[in-house]
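Heads up, data-v3.csv below (CSV, C-alpha atoms):
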```csv
chain,number,residue,atom,x,y,z
H,186,MET,CA,0.0,0.0,0.0
H,187,ASN,CA,1.4,3.4,-1.0
H,188,LYS,CA,2.6,5.5,1.9
H,189,VAL,CA,0.7,8.6,3.0
H,190,LYS,CA,2.8,11.7,3.4
H,191,VAL,CA,2.2,13.6,6.6
H,192,GLY,CA,3.1,17.1,8.0
H,193,LEU,CA,2.9,17.9,11.7
H,194,ILE,CA,2.0,21.3,13.1
H,195,GLY,CA,2.8,22.0,16.8
H,196,CYS,CA,6.2,20.7,18.0
H,197,GLY,CA,5.6,20.9,21.7
H,198,GLN,CA,5.8,18.1,24.4
H,199,ILE,CA,3.2,15.7,22.9
H,200,SER,CA,4.8,15.8,19.5
H,201,GLY,CA,7.7,13.5,20.5
H,202,ILE,CA,5.6,10.3,20.8
H,203,TYR,CA,3.6,11.2,17.6
H,204,LEU,CA,6.8,11.7,15.6
H,205,LYS,CA,8.4,8.5,17.1
H,206,ASN,CA,5.4,6.3,16.1
H,207,CYS,CA,4.7,8.0,12.8
H,208,THR,CA,8.3,7.7,11.7
H,209,GLN,CA,9.2,4.3,13.3
H,210,THR,CA,6.1,2.2,13.9
H,211,PHE,CA,3.5,2.7,11.2
H,212,ASP,CA,5.0,1.9,7.8
H,213,ILE,CA,2.1,3.5,5.9
H,214,LEU,CA,3.1,7.0,7.1
H,215,GLU,CA,5.9,9.2,5.9
H,216,VAL,CA,6.5,12.3,7.9
H,217,VAL,CA,7.9,14.9,5.4
H,218,ALA,CA,7.7,18.2,7.4
H,219,CYS,CA,7.1,19.6,10.8
H,220,ALA,CA,6.2,23.2,11.7
H,221,ASP,CA,5.8,25.4,14.7
H,222,ILE,CA,5.4,29.1,15.5
H,223,VAL,CA,8.8,28.7,17.3
H,224,PRO,CA,11.1,27.7,14.4
H,225,GLU,CA,13.7,26.2,16.8
H,226,LEU,CA,11.2,23.7,18.1
H,227,ALA,CA,10.4,22.5,14.6
H,228,ARG,CA,14.1,22.2,13.7
H,229,LYS,CA,14.8,20.3,17.0
H,230,GLN,CA,12.0,17.7,16.4
H,231,ALA,CA,12.9,17.3,12.7
H,232,ASP,CA,16.6,16.6,13.6
H,233,GLU,CA,15.7,14.2,16.4
H,234,PHE,CA,13.2,12.1,14.3
H,235,GLY,CA,14.8,12.3,10.9
H,236,VAL,CA,12.1,14.5,9.3
H,237,PRO,CA,13.4,16.0,6.1
H,238,ARG,CA,12.1,19.5,6.6
H,239,ALA,CA,11.3,22.0,9.3
H,240,CYS,CA,9.3,24.9,8.0
H,241,SER,CA,6.6,27.5,8.7
H,242,VAL,CA,3.0,26.6,9.0
H,243,GLU,CA,2.3,28.3,5.7
H,244,GLU,CA,5.0,26.4,3.9
H,245,LEU,CA,3.8,23.1,5.3
H,246,LEU,CA,0.2,23.8,4.2
H,247,ALA,CA,1.4,24.8,0.7
H,248,ASP,CA,3.2,21.5,0.2
H,249,SER,CA,1.1,19.6,-2.4
H,250,GLU,CA,2.6,16.3,-1.5
H,251,ILE,CA,1.3,16.3,2.1
H,252,GLU,CA,-2.0,14.4,2.4
H,253,ILE,CA,-2.6,14.5,6.2
H,254,VAL,CA,-1.8,17.3,8.6
H,255,ILE,CA,-1.4,16.3,12.2
H,256,ASN,CA,-2.5,19.3,14.4
H,257,LEU,CA,-0.9,19.3,17.8
H,258,THR,CA,-1.3,23.0,18.6
H,259,ALA,CA,-3.0,24.5,21.7
H,260,PRO,CA,-6.7,23.8,22.2
H,261,LYS,CA,-7.8,27.3,21.5
H,262,VAL,CA,-6.5,27.2,17.9
H,263,HIS,CA,-7.4,23.6,17.1
H,264,ALA,CA,-10.4,24.5,14.9
H,265,GLN,CA,-8.5,27.4,13.2
H,266,ILE,CA,-5.6,25.1,12.1
H,267,ASN,CA,-8.0,22.4,11.1
H,268,MET,CA,-9.9,24.8,8.8
H,269,LYS,CA,-6.6,26.0,7.3
H,270,ALA,CA,-5.5,22.4,6.6
H,271,LEU,CA,-8.8,21.6,5.0
H,272,GLU,CA,-8.8,24.8,2.9
H,273,SER,CA,-5.4,23.7,1.7
H,274,GLY,CA,-6.9,20.4,0.4
H,275,LYS,CA,-5.5,18.2,3.1
H,276,HIS,CA,-7.0,15.7,5.5
H,277,VAL,CA,-6.5,16.6,9.1
H,278,TYR,CA,-6.0,14.8,12.4
H,279,THR,CA,-6.1,16.9,15.5
H,280,GLU,CA,-5.3,16.5,19.2
H,281,LYS,CA,-8.2,16.7,21.6
H,282,PRO,CA,-10.4,18.5,22.3
H,283,PHE,CA,-11.8,18.7,18.8
H,284,ALA,CA,-12.9,22.4,19.4
H,285,LEU,CA,-14.0,24.6,22.3
H,286,ASN,CA,-17.5,25.2,21.1
H,287,ARG,CA,-20.1,23.5,18.8
H,288,GLU,CA,-20.0,26.2,16.1
H,289,GLU,CA,-16.3,25.8,15.4
H,290,ALA,CA,-16.6,22.0,15.4
H,291,ASP,CA,-19.5,22.1,12.9
H,292,GLN,CA,-17.6,24.5,10.6
H,293,VAL,CA,-14.7,22.0,10.4
H,294,LEU,CA,-16.9,19.1,9.7
H,295,ALA,CA,-19.0,21.0,7.1
H,296,LEU,CA,-15.8,22.2,5.3
H,297,ALA,CA,-14.4,18.6,5.3
H,298,GLU,CA,-17.7,17.3,3.8
H,299,ALA,CA,-17.8,20.0,1.1
H,300,LYS,CA,-14.2,19.2,0.1
H,301,GLY,CA,-14.4,15.4,0.3
H,302,LEU,CA,-11.7,15.3,3.0
H,303,ARG,CA,-11.4,13.4,6.3
H,304,VAL,CA,-11.1,14.7,9.8
H,305,GLY,CA,-9.7,12.6,12.7
H,306,CYS,CA,-9.2,13.4,16.3
H,307,ALA,CA,-7.5,12.1,19.4
H,308,PRO,CA,-7.8,10.3,21.6
H,309,ASP,CA,-6.8,7.1,19.8
H,310,THR,CA,-6.1,5.1,23.0
H,311,PHE,CA,-9.2,3.1,22.4
H,312,LEU,CA,-7.4,1.5,19.5
H,313,GLY,CA,-4.9,0.0,21.9
H,314,GLY,CA,-4.8,-3.5,23.1
H,315,GLY,CA,-6.3,-2.7,26.5
H,316,LEU,CA,-9.6,-1.2,25.3
H,317,GLN,CA,-9.8,-3.4,22.2
H,318,THR,CA,-9.7,-6.4,24.5
H,319,CYS,CA,-12.3,-4.9,26.8
H,320,ARG,CA,-14.6,-4.4,23.7
H,321,LYS,CA,-14.1,-8.1,22.7
H,322,LEU,CA,-14.9,-9.2,26.3
H,323,ILE,CA,-18.1,-7.2,26.3
H,324,ASP,CA,-19.2,-8.3,22.8
H,325,ASP,CA,-18.5,-11.9,23.6
H,326,GLY,CA,-20.8,-11.8,26.7
H,327,TRP,CA,-18.2,-12.2,29.5
H,328,ILE,CA,-20.1,-9.7,31.7
H,329,GLY,CA,-23.6,-10.4,30.4
H,330,THR,CA,-25.7,-7.3,29.6
H,331,PRO,CA,-24.0,-4.0,30.5
H,332,TYR,CA,-26.2,-1.7,32.6
H,333,ALA,CA,-23.8,0.8,34.2
H,334,ALA,CA,-20.3,2.2,34.1
H,335,ASN,CA,-18.2,4.5,36.1
H,336,GLY,CA,-15.0,6.6,35.3
H,337,THR,CA,-12.9,8.7,37.6
H,338,ILE,CA,-9.8,10.7,37.0
H,339,PHE,CA,-8.1,12.8,39.8
H,340,MET,CA,-5.0,14.8,39.1
H,341,GLY,CA,-2.9,17.6,40.6
H,342,GLY,CA,-3.8,21.2,40.1
H,343,GLY,CA,-0.7,22.3,38.1
H,344,SER,CA,0.9,24.4,40.9
H,345,GLY,CA,4.3,22.9,40.0
H,346,GLY,CA,4.4,25.0,36.8
H,347,LEU,CA,6.9,22.7,35.1
H,348,HIS,CA,5.0,22.2,31.9
H,349,PRO,CA,6.2,24.9,29.4
H,350,ASN,CA,2.5,25.9,28.7
H,351,PHE,CA,1.1,25.1,32.2
H,352,GLN,CA,-1.3,28.1,31.9
H,353,ASN,CA,-3.3,26.2,29.2
H,354,PHE,CA,-4.3,23.6,31.9
H,355,LEU,CA,-6.0,26.4,33.9
H,356,ARG,CA,-8.3,27.4,31.0
H,357,LEU,CA,-11.2,25.7,29.1
H,358,GLY,CA,-9.6,23.1,27.0
H,359,GLY,CA,-7.0,22.1,29.6
H,360,ASP,CA,-9.5,21.8,32.4
H,361,PRO,CA,-10.1,18.3,33.7
H,362,LEU,CA,-13.2,17.7,31.6
H,363,PHE,CA,-11.9,18.9,28.2
H,364,ASP,CA,-8.3,17.6,28.9
H,365,MET,CA,-9.0,14.2,30.4
H,366,GLY,CA,-12.7,13.7,29.8
H,367,PRO,CA,-12.2,12.8,26.1
H,368,TYR,CA,-10.2,9.6,27.1
H,369,TYR,CA,-13.0,8.4,29.3
H,370,LEU,CA,-15.9,9.4,27.2
H,371,THR,CA,-14.4,8.1,24.0
H,372,ALA,CA,-13.7,4.8,25.7
H,373,MET,CA,-17.2,4.6,27.0
H,374,VAL,CA,-18.7,5.3,23.6
H,375,PHE,CA,-16.4,2.7,22.0
H,376,LEU,CA,-17.4,0.1,24.6
H,377,LEU,CA,-21.1,1.0,25.1
H,378,GLY,CA,-22.3,3.2,22.2
H,379,PRO,CA,-23.3,6.8,21.9
H,380,ILE,CA,-24.7,9.0,24.8
H,381,SER,CA,-28.1,10.5,24.6
H,382,SER,CA,-28.4,12.9,27.6
H,383,VAL,CA,-26.3,14.2,30.4
H,384,SER,CA,-26.5,16.1,33.7
H,385,GLY,CA,-23.6,17.6,35.5
H,386,PHE,CA,-22.1,19.6,38.4
H,387,ALA,CA,-19.1,21.9,38.3
H,388,ALA,CA,-17.0,23.4,41.1
H,389,GLN,CA,-13.5,24.6,42.0
H,390,LEU,CA,-11.8,25.0,45.4
H,391,LYS,CA,-9.5,27.9,44.2
H,392,HIS,CA,-9.7,30.6,41.6
H,393,GLN,CA,-6.0,31.1,41.4
H,394,ILE,CA,-2.8,29.2,42.1
H,395,THR,CA,0.8,30.2,43.1
H,396,ILE,CA,3.5,28.2,41.5
H,397,ASP,CA,5.3,26.5,44.4
H,398,ASN,CA,8.0,24.5,42.7
H,399,PRO,CA,11.4,26.3,42.8
H,400,ALA,CA,12.5,24.4,39.7
H,401,SER,CA,9.8,26.2,37.6
H,402,PRO,CA,10.8,29.4,35.8
H,403,HIS,CA,7.4,30.7,37.0
H,404,TYR,CA,8.2,30.0,40.7
H,405,GLY,CA,6.2,32.4,43.0
H,406,LYS,CA,3.9,33.6,40.2
H,407,THR,CA,0.2,33.8,40.9
H,408,VAL,CA,-2.1,33.0,38.0
H,409,PRO,CA,-5.9,32.7,37.6
H,410,ILE,CA,-7.8,29.4,37.2
H,411,GLU,CA,-10.3,30.2,34.4
H,412,ALA,CA,-12.3,26.9,34.2
H,413,PRO,CA,-14.0,24.5,36.7
H,414,THR,CA,-11.5,22.1,38.3
H,415,ASN,CA,-14.0,19.5,39.7
H,416,ILE,CA,-16.6,18.0,37.4
H,417,ALA,CA,-19.2,15.3,38.1
H,418,ALA,CA,-21.7,14.0,35.5
H,419,SER,CA,-24.3,11.4,34.9
H,420,LEU,CA,-24.6,9.9,31.4
H,421,GLN,CA,-27.5,8.2,29.7
H,422,PHE,CA,-26.6,6.0,26.8
H,423,ASP,CA,-28.8,5.2,23.8
H,424,ASN,CA,-28.9,1.5,24.9
H,425,GLY,CA,-30.1,2.3,28.4
H,426,VAL,CA,-26.8,2.1,30.2
H,427,ILE,CA,-26.3,4.8,32.9
H,428,ALA,CA,-22.8,5.9,33.8
H,429,GLY,CA,-21.0,8.3,36.1
H,430,LEU,CA,-17.9,10.4,35.3
H,431,GLN,CA,-15.8,12.4,37.8
H,432,ALA,CA,-12.9,14.5,36.6
H,433,ALA,CA,-10.9,16.8,38.9
H,434,LYS,CA,-7.6,18.6,39.1
H,435,GLU,CA,-7.7,19.4,42.8
H,436,GLY,CA,-5.6,16.6,44.2
H,437,PHE,CA,-2.0,15.6,44.4
H,438,LYS,CA,-1.7,12.3,42.5
H,439,TYR,CA,-2.7,10.8,39.1
H,440,THR,CA,-5.6,8.4,40.0
H,441,PRO,CA,-7.5,6.8,37.1
H,442,ARG,CA,-10.3,4.2,37.4
H,443,MET,CA,-13.0,2.8,35.1
H,444,GLU,CA,-15.4,-0.1,35.4
H,445,VAL,CA,-18.3,-1.5,33.3
H,446,TYR,CA,-21.0,-3.3,35.3
H,447,GLY,CA,-22.9,-6.2,33.7
H,448,THR,CA,-25.5,-8.7,34.8
H,449,GLU,CA,-22.9,-11.4,35.0
H,450,GLY,CA,-19.7,-9.6,35.9
H,451,ILE,CA,-17.8,-6.4,36.5
H,452,LEU,CA,-15.1,-5.4,34.0
H,453,TYR,CA,-12.2,-3.4,35.4
H,454,VAL,CA,-11.0,-1.3,32.5
H,455,PRO,CA,-7.4,-0.2,32.1
H,456,ASP,CA,-6.6,3.5,32.3
H,457,PRO,CA,-8.3,5.0,29.1
H,458,ASN,CA,-5.4,7.4,28.9
H,459,ASN,CA,-3.1,4.5,28.2
H,460,PHE,CA,-2.9,1.6,25.7
H,461,SER,CA,-2.7,-1.2,28.2
H,462,GLY,CA,-3.0,-2.2,31.8
H,463,PRO,CA,-4.5,-5.1,33.9
H,464,LEU,CA,-7.6,-6.6,32.4
H,465,MET,CA,-9.8,-8.2,35.1
H,466,ILE,CA,-13.4,-9.4,35.5
H,467,LYS,CA,-15.1,-10.0,38.8
H,468,GLN,CA,-17.5,-12.9,38.2
H,469,GLN,CA,-20.7,-13.8,39.9
H,470,ASN,CA,-19.0,-16.2,42.3
H,471,GLY,CA,-16.7,-13.4,43.5
H,472,GLU,CA,-13.6,-14.6,41.7
H,473,VAL,CA,-11.5,-12.0,39.9
H,474,LYS,CA,-10.1,-13.4,36.7
H,475,GLU,CA,-7.3,-11.7,34.7
H,476,PHE,CA,-7.5,-11.9,30.9
H,477,PRO,CA,-4.8,-11.8,28.3
H,478,TYR,CA,-4.9,-9.3,25.5
H,479,SER,CA,-6.8,-10.2,22.3
H,480,HIS,CA,-5.2,-7.3,20.3
H,481,GLY,CA,-1.8,-5.7,19.9
H,482,PHE,CA,-0.6,-2.1,20.3
H,483,THR,CA,-0.2,-2.3,24.1
H,484,GLU,CA,2.7,0.2,24.2
H,485,ASN,CA,2.3,3.9,23.9
H,486,SER,CA,1.0,4.0,20.3
H,487,ARG,CA,-0.2,7.6,20.0
H,488,GLY,CA,-0.5,8.3,16.3
H,489,ILE,CA,-2.3,5.0,15.6
H,490,GLY,CA,-5.4,7.1,14.8
H,491,VAL,CA,-3.4,8.9,12.1
H,492,ALA,CA,-2.3,5.5,10.7
H,493,ASP,CA,-5.8,4.1,10.8
H,494,MET,CA,-7.0,7.2,8.9
H,495,ALA,CA,-4.2,6.7,6.3
H,496,TYR,CA,-5.2,3.0,5.7
H,497,ALA,CA,-8.8,4.2,5.4
H,498,ILE,CA,-7.9,6.8,2.8
H,499,ARG,CA,-6.2,4.2,0.7
H,500,SER,CA,-8.9,1.5,1.1
H,501,GLY,CA,-12.0,3.7,1.2
H,502,ARG,CA,-13.3,2.4,4.5
H,503,ALA,CA,-14.3,4.6,7.5
H,504,HIS,CA,-11.6,5.6,9.9
H,505,ARG,CA,-12.2,5.0,13.6
H,506,ALA,CA,-10.9,8.0,15.5
H,507,SER,CA,-13.2,10.3,13.5
H,508,GLY,CA,-14.3,13.9,13.7
H,509,ILE,CA,-17.9,12.7,14.0
H,510,LEU,CA,-16.9,10.7,17.1
H,511,ALA,CA,-15.0,13.7,18.5
H,512,ARG,CA,-17.9,16.0,17.8
H,513,HIS,CA,-20.2,13.7,19.8
H,514,VAL,CA,-17.8,13.7,22.7
H,515,LEU,CA,-17.5,17.5,22.5
H,516,ASP,CA,-21.3,17.8,22.6
H,517,VAL,CA,-21.3,15.6,25.7
H,518,MET,CA,-18.7,17.7,27.5
H,519,ILE,CA,-20.4,21.0,26.6
H,520,GLY,CA,-23.7,19.5,27.7
H,521,ILE,CA,-22.2,18.7,31.1
H,522,HIS,CA,-21.1,22.3,31.5
H,523,GLU,CA,-24.5,23.6,30.4
H,524,SER,CA,-26.3,21.2,32.8
H,525,ALA,CA,-24.0,22.4,35.7
H,526,GLU,CA,-25.0,26.1,34.8
H,527,THR,CA,-28.7,25.5,34.4
H,528,GLY,CA,-29.5,22.6,36.7
H,529,ARG,CA,-31.2,20.8,33.9
H,530,HIS,CA,-30.7,17.6,31.9
H,531,VAL,CA,-29.2,18.3,28.5
H,532,THR,CA,-29.9,16.2,25.4
H,533,VAL,CA,-26.9,15.3,23.3
H,534,LYS,CA,-27.9,16.2,19.7
H,535,ALA,CA,-24.6,15.3,17.9
H,536,THR,CA,-24.6,11.6,17.7
H,537,CYS,CA,-22.2,9.0,16.2
H,538,ASP,CA,-21.9,5.3,15.4
H,539,ARG,CA,-20.1,3.0,17.8
H,540,PRO,CA,-16.6,2.7,16.3
H,541,SER,CA,-15.8,-0.7,14.9
H,542,PRO,CA,-13.1,-2.8,16.7
H,543,LEU,CA,-9.8,-3.6,15.0
H,544,PRO,CA,-9.7,-7.0,13.3
H,545,LEU,CA,-8.1,-9.8,15.2
H,546,SER,CA,-4.8,-11.4,14.2
H,547,LEU,CA,-3.3,-8.3,12.5
H,548,LYS,CA,0.2,-8.6,11.3
H,549,HIS,CA,2.9,-6.6,13.1
H,550,ASN,CA,2.1,-2.9,13.1
H,551,LEU,CA,-0.6,-3.2,10.4
H,552,LEU,CA,-4.2,-2.0,10.9
H,553,ASP,CA,-5.8,-3.8,7.9
H,554,THR,CA,-5.8,-7.5,7.2
```
Rewritten as structure tokens:
Amino acid sequence: MNKVKVGLIGCGQISGIYLKNCTQTFDILEVVACADIVPELARKQADEFGVPRACSVEELLADSEIEIVINLTAPKVHAQINMKALESGKHVYTEKPFALNREEADQVLALAEAKGLRVGCAPDTFLGGGLQTCRKLIDDGWIGTPYAANGTIFMGGGSGGLHPNFQNFLRLGGDPLFDMGPYYLTAMVFLLGPISSVSGFAAQLKHQITIDNPASPHYGKTVPIEAPTNIAASLQFDNGVIAGLQAAKEGFKYTPRMEVYGTEGILYVPDPNNFSGPLMIKQQNGEVKEFPYSHGFTENSRGIGVADMAYAIRSGRAHRASGILARHVLDVMIGIHESAETGRHVTVKATCDRPSPLPLSLKHNLLDT
């Protein structure tokens, strides 16, 4: 299958794992350029990962050979860069969140449809061995009929200030729901199907933080917290499942947990932010049984969503980490915020299909049989 040429925009912290996997793991991809508003960052990443060219965003978008743009910019400009990529005649795969409001998300999808181009969006962790195996266990009936689920993610509040763009985690887009919620909500939709309605609560203990780590260049600086830092939600799925989601950045330690409850067992799901982890089911007799993986890609395979989209472009099938899926998850998250503000249930109007699982017995690092 002919390689798909890729250009990457946004050479910050997350770009390293994307470039590693897109240059070394997935043979269908050929990364030909990377760009950043800070030219030194683009050059550094190009040199480290053997990318032929570091250039400006405008030069990358003007390159007629590039078929897919990977957008790893800050959340507030995701939609803007996605539109520019599509206007340049390129498919685009963006980091989460898909956008910060419904209007921008719909503009991106409408432009893609008008131009006959594809839009993909992280997270792609649901394509990893952990969640793929969970899907197989559910589909094969190991926990009976699912009727409930729960996801929790607790993290620190960013007062260490070590991330070069730590301020982004104090605004909408880097808040616990928009930052970590997509992993949990996408996993739930993959395992259980689309969500029909939500209700939510939002709070925050502090409205500003002071950077307390002497190793940070921002040590002693006080900055505002611009988005809720503690979110709780109830989710109603199309198939009748009811789930809970709690996401907070008020604590001191990364604490993830997710379960799916069925009539014949409880599935303990690996961290949806990762590609693997222990796979266990508590059975009716109280015994907890650990299961082996049915699928590969159990290492950090970020970028697998780009590769899956590349295969889909070549074969004509649907890609899995799609803009439609991300638009659904965005509508769920916005609905949770709206419910928290109004005290009412919110109907999720942007729906999607349950993404199909990867085939079994794929050859090494391939995504199609």
Can you pull out the residues contacting H:Ala333? Cut-off 8 Å, using all atoms listed in the file, and skip same-chain residues under 5 positions away; I want them as a compact mmCIF listing (two decimals) with C-alpha atoms, in the frame of the given file.
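Wrote selection-v2.txt, looks like this:
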```
# COMPACT_ATOMS: atom_id res chain seq x y z
CA VAL H 426 -26.80 2.10 30.20
CA ILE H 427 -26.30 4.80 32.90
CA ALA H 428 -22.80 5.90 33.80
CA VAL H 445 -18.30 -1.50 33.30
CA TYR H 446 -21.00 -3.30 35.30
CA GLY H 447 -22.90 -6.20 33.70
```
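Among the candidate residues H:Ala284, H:Ala511, H:Ile222, H:Ala495, the one lying nearest to H:Asp553 is H:Ala495, with distances computed using all atoms listed in the file.
Distance annotation: of H:Leu322, H:Ala259, H:Leu316, H:Met518, the residue with the minimal separation from H:Asn350 is H:Ala259; atom set is all atoms listed in the file.
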**Request:** Would you mind listing what lies within 10 Å of H:Gly405 as an MDAnalysis selection string, with only C-alpha atoms counted and same-chain residues fewer than 4 positions away left out?
**Result:** chainID H and resid 344 346 394:399 401
Test item: residues at most 12 Å from H:Pro331, all atoms listed in the file, excluding those fewer than 4 positions along its chain, as an mmCIF file with C-alpha atoms, in the coordinates of the input:
```
data_model
loop_
_atom_site.group_PDB
_atom_site.id
_atom_site.type_symbol
_atom_site.label_atom_id
_atom_site.label_comp_id
_atom_site.auth_asym_id
_atom_site.auth_seq_id
_atom_site.Cartn_x
_atom_site.Cartn_y
_atom_site.Cartn_z
ATOM 1 C CA ARG H 320 -14.600 -4.400 23.700
ATOM 2 C CA LEU H 322 -14.900 -9.200 26.300
ATOM 3 C CA ILE H 323 -18.100 -7.200 26.300
ATOM 4 C CA ASP H 324 -19.200 -8.300 22.800
ATOM 5 C CA ASP H 325 -18.500 -11.900 23.600
ATOM 6 C CA GLY H 326 -20.800 -11.800 26.700
ATOM 7 C CA TRP H 327 -18.200 -12.200 29.500
ATOM 8 C CA ASN H 335 -18.200 4.500 36.100
ATOM 9 C CA MET H 373 -17.200 4.600 27.000
ATOM 10 C CA LEU H 376 -17.400 0.100 24.600
ATOM 11 C CA LEU H 377 -21.100 1.000 25.100
ATOM 12 C CA GLY H 378 -22.300 3.200 22.200
ATOM 13 C CA PHE H 422 -26.600 6.000 26.800
ATOM 14 C CA ASN H 424 -28.900 1.500 24.900
ATOM 15 C CA GLY H 425 -30.100 2.300 28.400
ATOM 16 C CA VAL H 426 -26.800 2.100 30.200
ATOM 17 C CA ILE H 427 -26.300 4.800 32.900
ATOM 18 C CA ALA H 428 -22.800 5.900 33.800
ATOM 19 C CA GLU H 444 -15.400 -0.100 35.400
ATOM 20 C CA VAL H 445 -18.300 -1.500 33.300
ATOM 21 C CA TYR H 446 -21.000 -3.300 35.300
ATOM 22 C CA GLY H 447 -22.900 -6.200 33.700
ATOM 23 C CA THR H 448 -25.500 -8.700 34.800
ATOM 24 C CA GLU H 449 -22.900 -11.400 35.000
ATOM 25 C CA GLY H 450 -19.700 -9.600 35.900
ATOM 26 C CA ILE H 451 -17.800 -6.400 36.500
ATOM 27 C CA LEU H 452 -15.100 -5.400 34.000
#
```
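For the choices H:Thr527, H:Leu271, H:Thr318, H:Ser461, the atom-to-atom distance to H:Glu298 is smallest for H:Leu271 when using all atoms listed in the file.
Distance-wise, atom CA of H:Tyr404 and atom CA of H:Gly345 end up 8.1 Å apart.
Distances from H:Gly192, H:Pro260, H:Gly201, H:Gly329 to H:Ile466 were compared using all atoms listed in the file, and the smallest one belongs to H:Gly329.
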**Prompt:** Which of these residues is nearest to H:Met494, using all atoms listed in the file: H:Met365, H:Leu302, H:Leu547, H:Val217?
**Reply:** H:Leu302
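With only C-alpha atoms as the atoms that count, the minimum distance from H:Ser273 to the choices H:His504, H:Lys261, H:Lys300, H:Lys406 is reached by H:Lys300.
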**Request:** Enter the distance from atom CA of H:Ala497 to atom CA of H:Leu551, in Å, rounded to one decimal.
**Result:** 12.1 Å
**Asked** Within 8 Å of (-9.4, 26.5, 42.9), in the coordinates the file gives, what residues turn up when you count only C-alpha atoms, written out as a count of residues only?
**Response** 10
**Request:** Mind giving me the straight-line distance from atom CA of H:Thr337 to atom CA of H:Ser200 in Å, one decimal?
**Result:** 26.3 Å
**Item:** Selection near H:Gly274, 12 Å with all atoms listed in the file, sequence-local residues under 4 positions removed, as a VMD selection string
**Value:** chain H and resid 246 to 254 267 to 270 296 to 304
**Message:** Residues within 8 Å of (0.7, 23.4, 18.3), file coordinates, counting all atoms listed in the file: what are they? Give the list as a ChimeraX atom specification.
**Reply:** /H:194-197,221-222,256-259
